[in-house]
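**Q** File coords.txt follows (compact mmCIF, C-alpha atoms):
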# COMPACT_ATOMS: atom_id res chain seq x y z
CA MET A 1 0.00 0.00 0.00
CA HIS A 2 1.27 3.48 -0.83
CA SER A 3 0.67 6.88 0.67
CA LYS A 4 2.10 10.38 0.32
CA ILE A 5 3.49 12.57 3.07
CA ILE A 6 1.27 15.62 3.59
CA SER A 7 3.36 17.10 6.38
CA LEU A 8 5.93 16.38 9.07
CA THR A 9 5.51 18.27 12.31
CA ARG A 10 7.97 18.31 15.16
CA LEU A 11 5.90 18.04 18.35
CA SER A 12 8.80 18.04 20.83
CA GLU A 13 12.53 17.36 20.86
CA ASN A 14 12.23 13.76 19.63
CA TYR A 15 8.57 13.30 18.69
CA TRP A 16 7.29 13.88 15.17
CA ARG A 17 3.86 13.64 13.63
CA LEU A 18 3.69 12.33 10.07
CA ARG A 19 0.50 13.21 8.26
CA LEU A 20 -0.18 10.92 5.30
CA THR A 21 -2.79 10.70 2.61
CA LYS A 22 -5.25 7.92 3.37
CA PRO A 23 -5.33 5.38 0.53
CA SER A 24 -8.81 4.80 -0.86
CA GLY A 25 -10.44 1.82 0.79
CA PHE A 26 -8.09 1.93 3.77
CA ASN A 27 -10.21 1.26 6.84
CA PHE A 28 -8.83 0.73 10.31
CA GLN A 29 -9.91 0.55 13.92
CA ALA A 30 -8.52 3.02 16.43
CA GLY A 31 -5.53 1.37 18.11
CA GLN A 32 -4.19 -0.41 15.04
CA TYR A 33 -0.78 0.17 13.48
CA ILE A 34 1.01 -0.08 10.16
CA SER A 35 4.31 -1.68 9.19
CA LEU A 36 6.33 0.89 7.27
CA LEU A 37 9.11 0.00 4.84
CA VAL A 38 12.05 2.02 6.17
CA HIS A 39 14.97 0.64 4.19
CA PRO A 40 15.35 -0.59 0.60
CA ASP A 41 16.73 -3.88 1.97
CA GLY A 42 13.25 -4.64 3.32
CA HIS A 43 13.53 -3.49 6.95
CA ARG A 44 10.18 -2.48 8.38
CA ARG A 45 9.14 -0.67 11.54
CA THR A 46 5.72 -0.44 13.12
CA TYR A 47 4.01 2.86 13.86
CA SER A 48 0.64 3.26 15.53
CA ILE A 49 -1.94 5.38 13.81
CA SER A 50 -2.68 8.39 16.02
CA SER A 51 -5.53 9.95 14.04
CA PRO A 52 -9.13 8.80 14.54
CA PRO A 53 -10.57 6.54 11.80
CA SER A 54 -13.02 9.29 10.80
CA THR A 55 -10.34 11.68 9.47
CA SER A 56 -9.47 11.95 5.78
CA TYR A 57 -5.73 11.55 6.51
CA LEU A 58 -3.53 9.24 8.56
CA ASP A 59 -1.31 10.49 11.36
CA LEU A 60 1.61 8.48 12.72
CA LEU A 61 3.53 9.37 15.86
CA ALA A 62 7.26 8.71 15.75
CA ASP A 63 9.85 8.92 18.50
CA VAL A 64 13.21 9.35 16.75
CA THR A 65 15.31 8.89 19.89
CA PRO A 66 16.66 5.43 18.89
CA MET A 67 18.17 6.78 15.63
CA GLY A 68 17.94 3.35 14.02
CA PHE A 69 16.57 2.47 10.58
CA GLY A 70 13.12 3.84 11.42
CA SER A 71 14.23 7.14 12.95
CA ARG A 72 16.68 7.90 10.15
CA TYR A 73 14.03 7.14 7.55
CA ILE A 74 11.42 9.34 9.23
CA LEU A 75 13.84 12.26 9.42
CA SER A 76 14.76 11.86 5.75
CA LEU A 77 11.17 12.28 4.57
CA ASN A 78 9.74 15.41 2.98
CA SER A 79 6.25 16.53 2.06
CA GLY A 80 5.18 14.83 -1.16
CA ASP A 81 7.35 11.73 -0.67
CA THR A 82 5.71 8.35 -1.21
CA ILE A 83 5.88 5.73 1.49
CA ASN A 84 5.17 2.00 1.35
CA PHE A 85 3.39 0.18 4.16
CA ILE A 86 1.27 -2.82 5.03
CA GLY A 87 -1.68 -2.77 7.34
CA PRO A 88 -3.75 -2.03 9.25
CA LEU A 89 -2.42 -4.52 11.76
CA GLY A 90 -3.01 -5.36 15.41
CA LYS A 91 -5.87 -6.05 17.77
CA PHE A 92 -5.25 -3.40 20.44
CA VAL A 93 -8.64 -1.80 20.24
CA LYS A 94 -10.79 -0.22 22.92
CA THR A 95 -13.50 -2.56 24.13
CA SER A 96 -14.52 -0.61 27.23
CA ASP A 97 -13.68 2.50 29.21
CA GLY A 98 -10.76 2.42 31.59
CA LEU A 99 -7.42 3.93 32.49
CA PHE A 100 -4.97 4.34 29.60
CA LEU A 101 -1.28 4.04 30.35
CA ALA A 102 1.33 4.88 27.73
CA GLY A 103 5.09 4.72 27.59
CA GLY A 104 6.57 7.18 25.08
CA SER A 105 5.03 6.90 21.63
CA GLY A 106 2.66 4.29 23.08
CA ILE A 107 0.28 7.20 23.48
CA ALA A 108 -0.48 7.09 19.73
CA PRO A 109 -3.30 4.50 19.82
CA TYR A 110 -5.06 6.42 22.60
CA LEU A 111 -5.02 9.57 20.49
CA SER A 112 -6.69 7.58 17.73
CA MET A 113 -9.23 6.12 20.17
CA GLN A 114 -9.79 9.62 21.62
CA SER A 115 -9.58 7.94 25.00
CA SER A 116 -8.87 9.37 28.42
CA PRO A 117 -7.68 9.65 31.13
CA ILE A 118 -4.14 8.93 29.96
CA LEU A 119 -1.15 8.41 32.24
CA TRP A 120 1.87 9.11 30.04
CA SER A 121 5.39 8.06 30.98
CA LEU A 122 8.22 9.95 29.34
CA ARG A 123 11.98 9.83 29.74
CA ARG A 124 12.58 13.56 29.43
CA LYS A 125 10.63 16.77 29.88
CA SER A 126 11.77 17.82 26.42
CA ASP A 127 9.76 14.90 24.95
CA ALA A 128 6.43 16.24 26.22
CA PHE A 129 3.82 17.95 24.06
CA PRO A 130 0.28 18.99 24.98
CA VAL A 131 -2.36 16.24 25.03
CA LYS A 132 -5.76 16.78 26.64
CA HIS A 133 -6.73 14.84 29.78
CA THR A 134 -3.20 13.49 30.19
CA ARG A 135 -0.98 13.36 33.24
CA ILE A 136 2.74 13.01 32.58
CA PHE A 137 5.16 11.00 34.72
CA TYR A 138 8.93 11.03 34.47
CA THR A 139 9.72 8.26 36.97
CA ARG A 140 8.26 4.81 37.64
CA LEU A 141 8.01 5.63 41.36
CA GLU A 142 5.90 8.71 40.64
CA LEU A 143 3.55 6.65 38.46
CA THR A 144 3.29 3.77 40.94
CA THR A 145 2.44 6.15 43.77
CA TYR A 146 -0.27 7.73 41.64
CA LEU A 147 -1.67 4.33 40.61
CA LYS A 148 -1.95 3.17 44.22
CA SER A 149 -4.42 5.94 44.91
CA HIS A 150 -6.28 5.64 41.58
CA ILE A 151 -6.74 1.90 41.26
CA SER A 152 -10.53 2.10 41.20
CA TYR A 153 -10.73 1.54 37.43
CA LEU A 154 -11.98 -1.79 36.15
CA ASN A 155 -10.03 -1.88 32.88
CA PHE A 156 -6.43 -0.91 32.19
CA TYR A 157 -4.83 -0.37 28.81
CA LEU A 158 -1.04 -0.50 28.55
CA CYS A 159 0.95 0.45 25.48
CA GLY A 160 4.71 0.94 25.27
CA SER A 161 8.06 -0.83 25.15
CA PRO A 162 8.26 -4.46 26.32
CA SER A 163 10.00 -3.42 29.57
CA TYR A 164 7.39 -0.72 30.21
CA VAL A 165 4.47 -3.09 29.61
CA SER A 166 5.90 -6.01 31.61
CA GLY A 167 6.98 -3.76 34.49
CA LEU A 168 3.63 -1.99 34.71
CA THR A 169 1.70 -5.25 34.33
CA LYS A 170 3.40 -6.63 37.46
CA ILE A 171 2.71 -3.43 39.40
CA ILE A 172 -0.95 -3.26 38.39
CA ILE A 173 -1.57 -6.94 39.16
CA SER A 174 0.16 -6.50 42.53
CA LEU A 175 -2.36 -3.76 43.28
CA GLY A 176 -5.14 -6.32 42.95
CA VAL A 177 -6.32 -5.81 39.38
CA ASP A 178 -7.68 -8.88 37.61
CA PRO A 179 -5.22 -9.74 34.78
CA THR A 180 -8.16 -10.35 32.45
CA HIS A 181 -8.92 -6.63 32.66
CA LEU A 182 -5.49 -5.68 31.36
CA HIS A 183 -5.16 -4.91 27.65
CA THR A 184 -1.58 -4.61 26.44
CA GLU A 185 0.40 -3.69 23.33
CA LYS A 186 4.18 -3.89 23.07
CA PHE A 187 6.39 -2.33 20.42
CA VAL A 188 9.94 -1.22 19.82
CA MET B 1 3.01 -6.44 -4.36
CA LYS B 2 -0.42 -7.44 -3.13
CA TYR B 3 -0.81 -8.01 0.57
CA THR B 4 -3.62 -10.05 2.02
CA PRO B 5 -3.56 -10.40 5.80
CA GLY B 6 -3.34 -14.12 6.59
CA SER B 7 -3.87 -15.50 3.11
CA GLU B 8 -6.91 -17.69 3.04
CA LYS B 9 -5.42 -19.73 0.25
CA LYS B 10 -3.25 -22.19 2.08
CA PRO B 11 -0.20 -22.97 -0.04
CA LYS B 12 0.58 -26.65 -0.55
CA LYS B 13 4.30 -26.37 0.04
CA THR B 14 6.20 -23.15 0.51
CA ARG B 15 9.78 -22.51 -0.51
CA TYR B 16 10.79 -20.31 2.42
CA GLN B 17 11.35 -21.79 5.83
CA VAL B 18 11.09 -19.58 8.89
CA LYS B 19 12.68 -19.87 12.31
CA VAL B 20 12.02 -17.80 15.44
CA ILE B 21 14.99 -16.88 17.62
CA ALA B 22 13.30 -16.95 21.03
CA GLY B 23 16.05 -14.91 22.72
CA LYS B 24 15.39 -12.00 20.36
CA CYS B 25 11.58 -12.16 20.38
CA ILE B 26 9.81 -9.49 22.45
CA GLY B 27 6.29 -10.60 21.63
CA ALA B 28 5.45 -7.55 19.51
CA ALA B 29 3.18 -9.82 17.43
CA SER B 30 3.85 -8.18 14.05
CA CYS B 31 4.57 -11.62 12.59
CA ALA B 32 1.24 -13.00 13.80
CA ALA B 33 -0.54 -9.97 12.37
CA VAL B 34 1.08 -10.25 8.93
CA ALA B 35 1.17 -14.07 8.61
CA SER B 36 -1.41 -15.30 11.07
CA MET B 37 -1.54 -18.84 9.71
CA THR B 38 2.21 -19.31 10.22
CA PHE B 39 2.89 -17.50 13.50
CA ARG B 40 1.08 -17.04 16.76
CA LEU B 41 2.01 -15.80 20.20
CA SER B 42 2.17 -18.31 23.02
CA ASN B 43 3.06 -18.12 26.69
CA LEU B 44 6.51 -19.38 27.59
CA ASN B 45 7.90 -18.82 31.09
CA ASP B 46 5.49 -15.95 31.70
CA LYS B 47 6.48 -14.28 28.42
CA GLN B 48 4.50 -14.06 25.23
CA LEU B 49 6.70 -15.24 22.40
CA ALA B 50 6.17 -15.98 18.73
CA GLU B 51 5.95 -19.59 17.69
CA ILE B 52 5.47 -21.28 14.37
CA ILE B 53 2.21 -23.11 13.95
CA ASP B 54 2.54 -24.10 10.31
CA GLN B 55 5.52 -23.60 7.99
CA ASP B 56 3.14 -23.64 5.06
CA GLY B 57 0.40 -21.55 6.62
CA ASN B 58 1.07 -18.49 4.45
CA VAL B 59 2.62 -17.90 1.07
CA ASP B 60 6.36 -17.10 0.91
CA GLU B 61 5.77 -13.41 0.30
CA GLU B 62 3.73 -13.08 3.50
CA LYS B 63 6.25 -15.06 5.53
CA LEU B 64 9.05 -12.78 4.35
CA LEU B 65 6.97 -9.67 5.11
CA ALA B 66 6.28 -11.04 8.59
CA ALA B 67 10.00 -11.47 9.19
CA GLN B 68 10.76 -8.01 7.84
CA SER B 69 8.09 -6.55 10.11
CA CYS B 70 9.74 -7.95 13.23
CA PRO B 71 11.29 -4.98 15.08
CA THR B 72 14.06 -7.13 16.59
CA SER B 73 14.84 -9.29 13.53
CA ALA B 74 13.89 -12.36 15.54
CA ILE B 75 12.67 -14.28 12.49
CA VAL B 76 15.14 -15.88 10.13
CA VAL B 77 14.03 -16.86 6.63
CA TYR B 78 15.78 -19.56 4.60
CA ASP B 79 15.26 -20.39 0.96
CA THR B 80 15.00 -24.18 0.93
CA LYS B 81 15.83 -24.30 -2.77
CA THR B 82 19.21 -22.60 -2.42
CA GLY B 83 19.78 -23.38 1.27
CA LYS B 84 20.66 -19.75 1.86
CA LYS B 85 19.45 -17.39 4.55
CA ILE B 86 17.59 -14.53 2.88
CA TRP B 87 16.51 -12.59 5.98
CA PRO B 88 17.89 -10.79 7.92
CA LYS B 89 20.37 -9.63 5.30
Kindly transcribe the structure held in the file into structure tokens.
**A**
Amino acid sequence: MHSKIISLTRLSENYWRLRLTKPSGFNFQAGQYISLLVHPDGHRRTYSISSPPSTSYLDLLADVTPMGFGSRYILSLNSGDTINFIGPLGKFVKTSDGLFLAGGSGIAPYLSMQSSPILWSLRRKSDAFPVKHTRIFYTRLELTTYLKSHISYLNFYLCGSPSYVSGLTKIIISLGVDPTHLHTEKFV
Amino acid sequence: MKYTPGSEKKPKKTRYQVKVIAGKCIGAASCAAVASMTFRLSNLNDKQLAEIIDQDGNVDEEKLLAAQSCPTSAIVVYDTKTGKKIWPK
């Protein structure tokens, strides 16, 4: 599947929003992602769609901190460039209300779902950009302390790196949450 | 290149053989999303890891795309005709 870059917007020091044309017939559910071809050799990287399904364009949220194949590719793009991707992929969709926890660019699916409240973990203050109904945490301790006093939610959604998701899963289960009410998505 | 998620046409015998390197897998599930008849996630020692359910579950093109979609290059693809590894390069 092909799409053209409409715009690239720098949201914070390392976070970029890519706005793409939506190919005709491309339908997705909020929370799904695409697999983007980022190198002529065939390397692909996954990016969650951060725009709601109702919009006429597709937004992707990219954290370029790693500076690997994906980051370098994203930063090389210009408006009008054509990109190649497969998708939509994934089953991380909202089935009920709850508390939405995100690590880094793991906030993207929640933006697409237009879900809140969001507890957003970031490494640096310079990575933050304004998102409605979102509380930002810079340390695990800060987040855990907050969770202990706000554990009254039935459902929890977790999206972020494997270490973020596995670490938070243990903490949330230790606080007495039924594991069947945890919905998780891991990515690199 | 036409992509069909989890081809419904099960190939009789595919040319590419895939292998999952468990130590590299993080359970991102891209492989299972792209080639759902070949890969699935299963629980192993409290971790969700990719496993192969059927070498011939998807056509070669889909199996290669699944491997290329893996963010940690945990899937190796061999061409059984030449005996050579074709992914990762």
**Q** Set the distance at 6 Å and use all atoms listed in the file: which residues neighbour stretch 21-27 of chain B once local chain neighbours fewer than 4 positions away are removed? I'd like the list as a PDB file with C-alpha atoms, in the coordinates of the input.
**A**
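Result file is around_12.pdb:
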ATOM      1  CA  GLN B  48       4.500 -14.060  25.230  1.00  0.00           C
ATOM      2  CA  LEU B  49       6.700 -15.240  22.400  1.00  0.00           C
ATOM      3  CA  ALA B  74      13.890 -12.360  15.540  1.00  0.00           C
TER       4      ALA B  74
END
**Q** Considering only C-alpha atoms, can you say which of A:Val188, A:Leu99, A:Ala108, A:Val165 comes closest to chain B?
**A**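 Distance minimum relative to chain B lands on A:Val188.
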**Q** Of the residues A:Lys94, A:Arg44, A:Arg72, A:His183, which is the one nearest to chain B, using all atoms listed in the file?
**A**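 Looking at the shortest contact to chain B, the residue is A:Arg44.
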**Q** At most 12 Å is the cut-off: for each residue in chain A with any atom that close to an atom of chain B, write down the nearest atom pair and the distance in Å rounded to one decimal, counting all atoms listed in the file, chain first then increasing number, as CSV.
**A**
residue,atom,partner,partner_atom,distance
A:Met1,CA,B:Tyr3,CA,8.1
A:His2,CA,B:Met1,CA,10.7
A:Gln32,CA,B:Ala33,CA,10.6
A:Tyr33,CA,B:Ser30,CA,9.6
A:Ile34,CA,B:Ser30,CA,9.4
A:Ser35,CA,B:Ser69,CA,6.2
A:Leu36,CA,B:Ser69,CA,8.2
A:Leu37,CA,B:Ser69,CA,8.5
A:Val38,CA,B:Ser69,CA,10.2
A:His39,CA,B:Gln68,CA,10.3
A:Pro40,CA,B:Gln68,CA,11.3
A:Asp41,CA,B:Lys89,CA,7.6
A:Gly42,CA,B:Gln68,CA,6.2
A:His43,CA,B:Gln68,CA,5.4
A:Arg44,CA,B:Ser69,CA,4.9
A:Arg45,CA,B:Pro71,CA,6.0
A:Thr46,CA,B:Ser69,CA,7.2
A:Tyr47,CA,B:Pro71,CA,10.8
A:Ser48,CA,B:Ser30,CA,12.0
A:Gly68,CA,B:Pro71,CA,10.7
A:Phe69,CA,B:Pro71,CA,10.2
A:Gly70,CA,B:Pro71,CA,9.7
A:Asn84,CA,B:Met1,CA,10.4
A:Phe85,CA,B:Tyr3,CA,9.9
A:Ile86,CA,B:Tyr3,CA,7.2
A:Gly87,CA,B:Pro5,CA,8.0
A:Pro88,CA,B:Pro5,CA,9.1
A:Leu89,CA,B:Ala33,CA,5.8
A:Gly90,CA,B:Ala33,CA,6.0
A:Lys91,CA,B:Ala33,CA,8.5
A:Phe92,CA,B:Ala29,CA,11.0
A:Cys159,CA,B:Ala28,CA,10.9
A:Gly160,CA,B:Ala28,CA,10.3
A:Ser161,CA,B:Ala28,CA,9.2
A:Pro162,CA,B:Ile26,CA,6.5
A:Ser163,CA,B:Ile26,CA,9.4
A:Tyr164,CA,B:Ile26,CA,12.0
A:Val165,CA,B:Ile26,CA,11.0
A:Ser166,CA,B:Lys47,CA,8.9
A:Thr169,CA,B:Asp46,CA,11.7
A:Lys170,CA,B:Asp46,CA,11.2
A:Thr184,CA,B:Ala28,CA,10.3
A:Glu185,CA,B:Ala28,CA,7.4
A:Lys186,CA,B:Ala28,CA,5.3
A:Phe187,CA,B:Ala28,CA,5.4
A:Val188,CA,B:Pro71,CA,6.2
**Q** I want to know what sits within 12 Å of B:Thr80, based on only C-alpha atoms, with residues of the same chain fewer than 6 positions away left out; could you give that as a PyMOL selection string?
**A** chain B and resi 13-18+55+60+86
**Q** Quick one, how far is atom CA of A:Phe137 from atom CA of A:His150?
**A**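 Going from atom CA of A:Phe137 over to atom CA of A:His150 covers 14.4 Å.
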**Q** Atom CA of B:Met37 to atom CA of B:Asp56: how many Å, to one decimal?
**A**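 Separation between atom CA of B:Met37 and atom CA of B:Asp56: 8.2 Å.
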**Q** Might you pull out every residue within 9 Å of stretch 57-66 of chain A, with only C-alpha atoms counted and same-chain residues fewer than 4 positions away left off, and present them as a PDB file with C-alpha atoms, keeping the file's coordinate frame?
**A**
ATOM      1  CA  ILE A   6       1.270  15.620   3.590  1.00  0.00           C
ATOM      2  CA  GLU A  13      12.530  17.360  20.860  1.00  0.00           C
ATOM      3  CA  ASN A  14      12.230  13.760  19.630  1.00  0.00           C
ATOM      4  CA  TYR A  15       8.570  13.300  18.690  1.00  0.00           C
ATOM      5  CA  TRP A  16       7.290  13.880  15.170  1.00  0.00           C
ATOM      6  CA  ARG A  17       3.860  13.640  13.630  1.00  0.00           C
ATOM      7  CA  LEU A  18       3.690  12.330  10.070  1.00  0.00           C
ATOM      8  CA  ARG A  19       0.500  13.210   8.260  1.00  0.00           C
ATOM      9  CA  LEU A  20      -0.180  10.920   5.300  1.00  0.00           C
ATOM     10  CA  THR A  21      -2.790  10.700   2.610  1.00  0.00           C
ATOM     11  CA  LYS A  22      -5.250   7.920   3.370  1.00  0.00           C
ATOM     12  CA  PRO A  23      -5.330   5.380   0.530  1.00  0.00           C
ATOM     13  CA  TYR A  33      -0.780   0.170  13.480  1.00  0.00           C
ATOM     14  CA  ILE A  34       1.010  -0.080  10.160  1.00  0.00           C
ATOM     15  CA  TYR A  47       4.010   2.860  13.860  1.00  0.00           C
ATOM     16  CA  SER A  48       0.640   3.260  15.530  1.00  0.00           C
ATOM     17  CA  ILE A  49      -1.940   5.380  13.810  1.00  0.00           C
ATOM     18  CA  SER A  50      -2.680   8.390  16.020  1.00  0.00           C
ATOM     19  CA  SER A  51      -5.530   9.950  14.040  1.00  0.00           C
ATOM     20  CA  PRO A  52      -9.130   8.800  14.540  1.00  0.00           C
ATOM     21  CA  PRO A  53     -10.570   6.540  11.800  1.00  0.00           C
ATOM     22  CA  GLY A  70      13.120   3.840  11.420  1.00  0.00           C
ATOM     23  CA  SER A  71      14.230   7.140  12.950  1.00  0.00           C
ATOM     24  CA  ARG A  72      16.680   7.900  10.150  1.00  0.00           C
ATOM     25  CA  ILE A  74      11.420   9.340   9.230  1.00  0.00           C
ATOM     26  CA  LEU A  75      13.840  12.260   9.420  1.00  0.00           C
ATOM     27  CA  GLY A 104       6.570   7.180  25.080  1.00  0.00           C
ATOM     28  CA  SER A 105       5.030   6.900  21.630  1.00  0.00           C
ATOM     29  CA  GLY A 106       2.660   4.290  23.080  1.00  0.00           C
ATOM     30  CA  ILE A 107       0.280   7.200  23.480  1.00  0.00           C
ATOM     31  CA  ALA A 108      -0.480   7.090  19.730  1.00  0.00           C
ATOM     32  CA  SER A 112      -6.690   7.580  17.730  1.00  0.00           C
ATOM     33  CA  ASP A 127       9.760  14.900  24.950  1.00  0.00           C
TER      34      ASP A 127
END
**Q** Counting all atoms listed in the file, figure out which residue out of A:Phe100, A:Phe26, A:Phe129, A:Tyr146 gets nearest to A:Ser56.
**A** A:Phe26
**Q** Name the residues in contact with A:Thr82 at a cut-off of 9 Å, using all atoms listed in the file, excluding same-chain residues fewer than 2 positions from it; report them as a PyMOL selection string.
**A** chain A and resi 2-5+77+79-80+84
**Q** To one decimal place in Å, what is the distance between atom CA of A:Lys125 and atom CA of A:Ile171?
**A**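 These atoms are spaced 23.7 Å apart.
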**Q** If we count only C-alpha atoms and set the cut-off at 12 Å, which residues sit around A:His181, ignoring sequence neighbours fewer than 6 positions away in its own chain? Please answer as a PyMOL selection string.
**A** chain A and resi 94-99+153-158+169+172-173
